[in-house]
Amino acid sequence: MSYIAKPVARHPALKRNALGLTMRDYEGVMSTLCAGCGHDSVTAAFVQAFFELGTEPHRVAKMSGIGCSSKTPAYFLGGAHGFNSVHGRMPSVATGANAANRDVTTVGVSGDGDSLSIGLGQFCHAVRRNVDMLYILENNGVYGLTKGQFSASSDLGSKSKRGVANEHQPIDAVTLAITLGASFVARSFSGDKEQLVPLMKAGLTHRGFAFIDVISPCVTFNDHEGSTKSYVHTREHGHEVVATDFVPLRSEITAAYPEGGVRDVLLHDGSAIRLRKVAEDYEPADRVEALKFLGGAQARGEIATGLLYLAEEGRDMHVLERTTANPLAQLPFERLCPGGEALADIQREWR
Amino acid sequence: MSRNGGPLRPNDFAIKIGTVNGTGSASANSLLLQALFRVGVPVSGKNIFPSNIQGLPTWYEIRVSGDGYAARSPEVDISVAMNPESYSRDIAEVRQGGWILHDSTRPLETRLLREDATFLGVPLARMCLEHFEGARTRILMKNIAYVGALVALLDIEIEVVHGMIEEKFGTKPHLIEANFKALALGRDHALEHLPCPLPIRVSRLDATRDHVIVTGNTAAALGCLYAGATVGAWYPITPATSLMDAFTAFCRRFRVDPETGERDYLVLQAEDELAAAGMVIGASWMGARAFTPTSGPGISLMSEFIGFAYYGEVPAVFFDVQRTGPSTGMPTRTQQGDLLLCAYASHGDTKHIALYPADPAECFDFAVRAFDLADRFQTPVFVVSDLDIGMNDWMIPELGWDDDFRPDRGKVLDAEELAKLDRFHRYLDSDGDGIPYRTLPGVDAKGAYFTRGAGHDRYGGYTEDSDAYRDVVDRIARKVDSAADAVPAPYFRLAGGAHEASRSSTARFGIVSVGGCHWAVLEALDVLEARGHQIDYMRVRGFPFSDEVSDFIDARELLFVVEQNRDAQLRSLLLLETGCAAEKLRPVLDYGGQPLARNTVVDAVEEFVRKEPSGSREAVPRSGDPVPDSADPVPIAPEPVQTSSLSNPAP
């Protein structure tokens with residue numbers, strides 16, 4: 001979260017997107033996280049996802065709480081406003097920001113301490129409210145900034161750097177989000193950009209609360225043998241159950257899971273999420289089945305990844321609240337203030 | 001003298017109605033209040049209710065004052081004792097020579113009887129049993145029947161009450177009929193069997209023209225509507241709930257597109273007060289006008305975010321409708337216990353702009369101003385009201401609105417203005433007034449910056465550098481202090497009636513007060529003046545304090561600081577912020593949870609004056625005043641005067 005400027009030199013051959021911007025235009029300031037931190041890979045995935053979507057950087061609001069994870073919004077999209085709020089309270093600030101301007105894309109970046117301990121309540125209620133945002137949980141199972149305490153997502157038996165095994169039940173953010181009614185729930189791995197970038201693009205385009213739990217190893221405090229959030233463990237135990245592609249321009253309608261197990265889910269702007277089942281017995285559109293499958297995978301020590309649950313686009317906060325299509329922050333005062341005559345009318349009832 | 005004893009007191013009495021909560025007495029009581037208002041007599045109504053839904057004692061006090069006094073009456077003239085559970089208390093509370101209207105269906109226990117008060121029995125339950133069907137109807141109609149008895153006893157024009165019932169139930173003739181019948185039952189019985197009218201009675205005046213009756217929370221909500229607030233976030237809490245209820249109701253009326261049903265507002269019922277504060281700050285940061293109504297416990301929870309908004313310089317409007325603390329305290333009782341909390345909420349060095357309304361008229365006005373101040377100074381602003389102001393019925397002059405009013409959104413750069421800059425930096429003091437320029441998300445990449453509660457320099461960058469850190473916090477301190485001249489100026493009333501602070505005064509003593517204490521102080525001043533005391537008065541209406549506040553204190557020998565909390569919080573604020581001598585400020589405290597009455601102030605001042613060294617007598621009482629001689633010099637010391645705990649009945 002520093003303001004160390006990066007050199008502005010650009011290679012003339014850098015690829016440009018539809019807006020004429022290069023990947024460099026989607027970067028932020030230099031990261032101050034540890035070399036090899038999973039969070040920096042998430043940052044890189046953000047840069048690529050926004051570049052490929054062709055988003056205007058200033059049309060995004062980057063929200064975060066406190067912790068290593070919450071520093072990451074400084075490292076991508078330098079042209080977007082960022083809000084590094086207080087610990088565990090990013091969801092409420094994001095809710096307010098989105099309430100005030102539904103046209104600005106809201107992105108929240110959080111960690112397992114921020115979302116599953118101090119901020120568990122706010123996380124749950126942002127899901128319930130179906131705030132239209134992409135919520136990334138950079139999950140490393142450890143408190144890094146305070147030097148290695150277990151977090152609420154530390155798995156049973158996972159060992160700390162000193163070799164102590166965790167004896168508390170973990171909170172699984174993915175099953176929690178599905179249980180609470182989130183319409184877009186995914187899990188990915190910071191080391192798997194090919195999976196993460198399309199998920200991010202799909203989540204950014206999805207209307208409503210899109211949640212991605214990203215296993216993002218902490219190289220300093222939780223990347224040793226015995227940890228279930230290390231690079232090695234995640235690579236060995238990760239199983240992609242649903243492969244996801246983001247299809248920006250929809251050209252054909254594909255039937256639900258024909259041969260090859262591919263299904264397209266249409267998004268509100270005409271783009272689509274293309275799901276390809278890898279695990280035969282997995283059904284990401286069925287909440288009960290998804291939870292059952294995930295429970296089984298968890299018991300086997302497998303980390304199920306991919307777009308694990310996707311419902312038809314639900315009614316987001318603005319739809320539920322019947323808010324005007326115009327951003328509230330931009331409504332002219334003349335439209336908001338009823339004026340002197342109305343005030344006299346109101347007061348006639350107070351006599 | 002009237003024929004049933006005691007001097008005639010038209011338009012000057014207090015009624016206290018004791019009922020059971022959840023039995024529908026509230027609408028009967030407001031019918032009575034409104035009837036009095038409509039015959040042109042100034043009234044105020046105070047609801048003394050339990051923190052409970054149904055079944056516990058509840059009271060409604062109506063003060064009728066031809067002179068327009070709005071403070072709680074120091075005594076009860078007529079008690080309407082409708083709740084056997086609170087009979088003993090309700091009967092004991094009536095002044096000597098007063099009256100007790102009770103349901104005589106069952107005889108009162110003899111232990112309750114008093115020699116020095118008159119009992120007025122009306123068989124309300126029996127009459128309603130005979131004339132109405134159904135338990136619920138009988139209970140409701142019993143309430144209307146006691147109103148009928150009061151109409152006769154107090155000589156209220158029955159046509160006015162009939163008119164209001166017709167207005168209320170216009171489309172439901174059977175309800176009009178039932179209410180008329182219940183009214184007649186009580187009235188006819190009283191006319192026939194009781195000494196109507198009593199010496200305390202109503203006589204038509206023309207003193208309520210161009211006035212309205214409203215609660216502070218409703219007026220504050222209206223202020224939010226008129227200020228152009230579009231996002232409200234809150235967590236339900238007594239006594240602030242009715243503010244958001246009213247805002248939502250106003251929005252439904254004025255902010256919904258009649259064709260599409262689309263709303264030009266968003267009210268978020270948050271999971272707790274922490275989230276409510278976060279939502280307000282997020283929405284304000286995004287450029288909407290946003291607010292949250294809460295009470296003390298909510299402010300405690302919001303404090304971390306309040307510090308964030310202070311340091312990150314995000315506008316946000318907080319309404320603290322104070323109730324009795326600490327902790328859960330007495331949720332349905334009033335207090336001014338959050339003055340210090342609001343002034344310095346959050347850890348670290350902070351100071352916040354606060355506005356202190358005294359009645360619903362100021363709730364409306366200050367709500368509108370709060371949004372302007374928050375935008376202009378880019379900082380949290382508190383409107384510090386209380387349960388008495390917020391939830392009770394006040395008569396105020398009709399609110400006005402200037403259609404040329406446009407909000408002050410402060411220094412916000414749009415895309416065009418940004419284009420003219422080489423680079424934008426969030427926290428530069430470009431104008432030398434301590435107020436930086438801000439930008440809104442979604443406007444232009446050039447305006448992008450990072451809002452953070454972590455250490456930052458004037459460019460908005462993260463810092464752990466001492467000088468860069470101090471540079472920003474020192475500027476913020478300057479900025480907030482400069483708001484002293486932008487907050488509402490103090491109210492002054494100098495001995496002799498002048499209202500200008502600059503007017504020289506010969507009074508040695510002053511009273512300083514805040515918020516709803518105002519009305520009791522004004523009344524006390526009239527009493528004290530009539531008894532020959534010369535006292536100047538200042539009511540602070542905004543924080544940080546302007547120079548006028550310290551000038552007023554400096555120019556007087558001793559000041560009584562009248563407020564409703566145990567620890568003299570206003571006094572502490574004055575000491576901290578004006579640097580005046582502690583011995584100059586003498587606390588007058590009332591913190592039992594009831595609205596202030598004039599006697600607390602009168603007694604405190606007179607008790608002090610009585611003990612005054614004789615050498616300093618000449619400026620105070622005139623000859624003939626009942627001030628006993630006292631040669632004992634008593635040092636001027638800030639020893640609290642707590643008359644309230646003695647004179648106020650415990651709830």
# chains A, B, ... in the order shown; residues from 1 in each chain; ligands from 1
$ closest_atom_pairs --of "chain B" --to "chain A" --cutoff "6 Å" --atoms "only C-alpha atoms" --output "CSV"
residue,atom,partner,partner_atom,distance
B:Val212,CA,A:Arg351,CA,5.1
B:Ile213,CA,A:Trp350,CA,5.4
B:Tyr226,CA,A:Cys337,CA,4.8
B:Gly228,CA,A:Leu336,CA,5.3
B:Glu262,CA,A:Thr324,CA,4.9
B:Arg263,CA,A:Thr323,CA,4.7
B:Asp264,CA,A:Thr324,CA,5.7
B:Ala275,CA,A:Ser92,CA,5.1
B:Gly278,CA,A:Val93,CA,4.5
B:Met279,CA,A:Gly96,CA,3.8
B:Val280,CA,A:Gly96,CA,5.9
B:Gly282,CA,A:Val93,CA,4.2
B:Ala283,CA,A:Gly96,CA,4.3
B:Met286,CA,A:Ala97,CA,5.4
B:Gly287,CA,A:Ala329,CA,5.1
B:Ala288,CA,A:Ala329,CA,4.0
B:Trp401,CA,A:Gly340,CA,4.9
B:Asp403,CA,A:Gly339,CA,5.9
B:Pro441,CA,A:His81,CA,5.5
B:Gly442,CA,A:Arg59,CA,4.5
B:Asp444,CA,A:His58,CA,5.6
B:Ala445,CA,A:Gly79,CA,4.4
B:Ala448,CA,A:His81,CA,4.6
B:Tyr449,CA,A:His81,CA,5.2
B:Phe450,CA,A:Gly82,CA,4.5
B:Thr451,CA,A:Phe83,CA,4.7
B:Arg452,CA,A:Asn84,CA,4.8
B:Gly461,CA,A:Tyr3,CA,5.5
B:Tyr462,CA,A:Ser2,CA,5.4
$ residues_around --residues "Ile215 in chain A" --least-positions-apart "2" --cutoff "8 Å" --atoms "only C-alpha atoms" --output "ChimeraX atom specification"
/A:38,138-140,187-190,213,217,229,234
$ closest_residue --among "B:Asn52, B:Ser73, B:Gln594, B:Asn83" --to "Ile139 in chain B" --atoms "only C-alpha atoms"
B:Asn83
$ select_by_dssp --residues "range 40-70 of chain A" --states "strand (DSSP E or B)" --output "PDB file with N, CA and C atoms, in the first residue's frame"
ATOM      1  N   VAL A  60     -14.619   2.094 -11.906  1.00  0.00           N
ATOM      2  CA  VAL A  60     -14.549   1.040 -10.890  1.00  0.00           C
ATOM      3  C   VAL A  60     -14.260   1.677  -9.533  1.00  0.00           C
ATOM      4  N   ALA A  61     -14.878   1.136  -8.498  1.00  0.00           N
ATOM      5  CA  ALA A  61     -14.536   1.526  -7.130  1.00  0.00           C
ATOM      6  C   ALA A  61     -13.950   0.300  -6.445  1.00  0.00           C
ATOM      7  N   LYS A  62     -12.730   0.463  -5.917  1.00  0.00           N
ATOM      8  CA  LYS A  62     -12.033  -0.666  -5.282  1.00  0.00           C
ATOM      9  C   LYS A  62     -12.141  -0.517  -3.773  1.00  0.00           C
ATOM     10  N   MET A  63     -12.771  -1.480  -3.161  1.00  0.00           N
ATOM     11  CA  MET A  63     -13.019  -1.383  -1.724  1.00  0.00           C
ATOM     12  C   MET A  63     -12.244  -2.483  -0.992  1.00  0.00           C
ATOM     13  N   SER A  64     -11.747  -2.149   0.191  1.00  0.00           N
ATOM     14  CA  SER A  64     -11.117  -3.192   0.993  1.00  0.00           C
ATOM     15  C   SER A  64     -11.209  -2.852   2.462  1.00  0.00           C
TER      16      SER A  64
END
$ atom_distance --atom1 "CA of Asp375 in chain B" --atom2 "CA of Tyr437 in chain B"
10.9 Å
$ atom_distance --atom1 "CA of Val122 in chain B" --atom2 "CA of Lys46 in chain B"
24.5 Å
$ closest_residue --among "A:Gly157, A:Gly20, A:Gly208, A:Gly28" --to "Arg102 in chain A" --atoms "only C-alpha atoms"
A:Gly208
$ atom_distance --atom1 "CA of Gly238 in chain A" --atom2 "CA of Gly295 in chain A"
14.6 Å
$ select_by_dssp --residues "range 46-140 of chain A" --states "helix (DSSP H, G or I)" --output "count of residues only"
44
$ residues_around --residues "Thr324 in chain B" --least-positions-apart "2" --cutoff "10 Å" --atoms "only C-alpha atoms" --output "PyMOL selection string"
chain B and resi 295-296+322+326-338+386-387+564-565+591-594
$ residues_around --residues "Tyr469 in chain B" --least-positions-apart "5" --cutoff "10 Å" --atoms "only C-alpha atoms" --output "VMD selection string"
chain B and resid 454 to 458 462 to 464 474
$ write_last_selection --atoms "N, CA, C and O atoms" --output "PDB file, in the first residue's frame"
ATOM      1  N   ALA B 454      -5.352   4.817   7.170  1.00  0.00           N
ATOM      2  CA  ALA B 454      -3.949   4.673   7.554  1.00  0.00           C
ATOM      3  C   ALA B 454      -3.241   6.001   7.326  1.00  0.00           C
ATOM      4  O   ALA B 454      -3.744   6.872   6.623  1.00  0.00           O
ATOM      5  N   GLY B 455      -2.050   6.132   7.911  1.00  0.00           N
ATOM      6  CA  GLY B 455      -1.277   7.365   7.782  1.00  0.00           C
ATOM      7  C   GLY B 455      -1.120   7.762   6.329  1.00  0.00           C
ATOM      8  O   GLY B 455      -0.787   6.931   5.486  1.00  0.00           O
ATOM      9  N   HIS B 456      -1.411   9.014   6.040  1.00  0.00           N
ATOM     10  CA  HIS B 456      -1.264   9.464   4.659  1.00  0.00           C
ATOM     11  C   HIS B 456      -0.715  10.882   4.620  1.00  0.00           C
ATOM     12  O   HIS B 456      -0.872  11.651   5.573  1.00  0.00           O
ATOM     13  N   ASP B 457      -0.067  11.190   3.507  1.00  0.00           N
ATOM     14  CA  ASP B 457       0.500  12.528   3.363  1.00  0.00           C
ATOM     15  C   ASP B 457      -0.460  13.412   2.582  1.00  0.00           C
ATOM     16  O   ASP B 457      -1.552  12.992   2.212  1.00  0.00           O
ATOM     17  N   ARG B 458      -0.051  14.628   2.340  1.00  0.00           N
ATOM     18  CA  ARG B 458      -0.937  15.600   1.695  1.00  0.00           C
ATOM     19  C   ARG B 458      -1.281  15.225   0.254  1.00  0.00           C
ATOM     20  O   ARG B 458      -2.209  15.788  -0.330  1.00  0.00           O
ATOM     21  N   TYR B 462       0.322   6.720   1.188  1.00  0.00           N
ATOM     22  CA  TYR B 462       0.549   6.095   2.497  1.00  0.00           C
ATOM     23  C   TYR B 462       1.826   6.654   3.096  1.00  0.00           C
ATOM     24  O   TYR B 462       2.813   6.843   2.389  1.00  0.00           O
ATOM     25  N   THR B 463       1.805   6.908   4.381  1.00  0.00           N
ATOM     26  CA  THR B 463       3.048   7.374   4.994  1.00  0.00           C
ATOM     27  C   THR B 463       3.170   6.897   6.432  1.00  0.00           C
ATOM     28  O   THR B 463       2.161   6.671   7.111  1.00  0.00           O
ATOM     29  N   GLU B 464       4.432   6.745   6.844  1.00  0.00           N
ATOM     30  CA  GLU B 464       4.721   6.512   8.258  1.00  0.00           C
ATOM     31  C   GLU B 464       5.733   7.570   8.700  1.00  0.00           C
ATOM     32  O   GLU B 464       6.438   7.398   9.687  1.00  0.00           O
ATOM     33  N   ASP B 474      -2.621  18.242  11.396  1.00  0.00           N
ATOM     34  CA  ASP B 474      -2.684  19.645  11.836  1.00  0.00           C
ATOM     35  C   ASP B 474      -3.646  20.440  10.945  1.00  0.00           C
ATOM     36  O   ASP B 474      -4.399  21.283  11.427  1.00  0.00           O
TER      37      ASP B 474
END
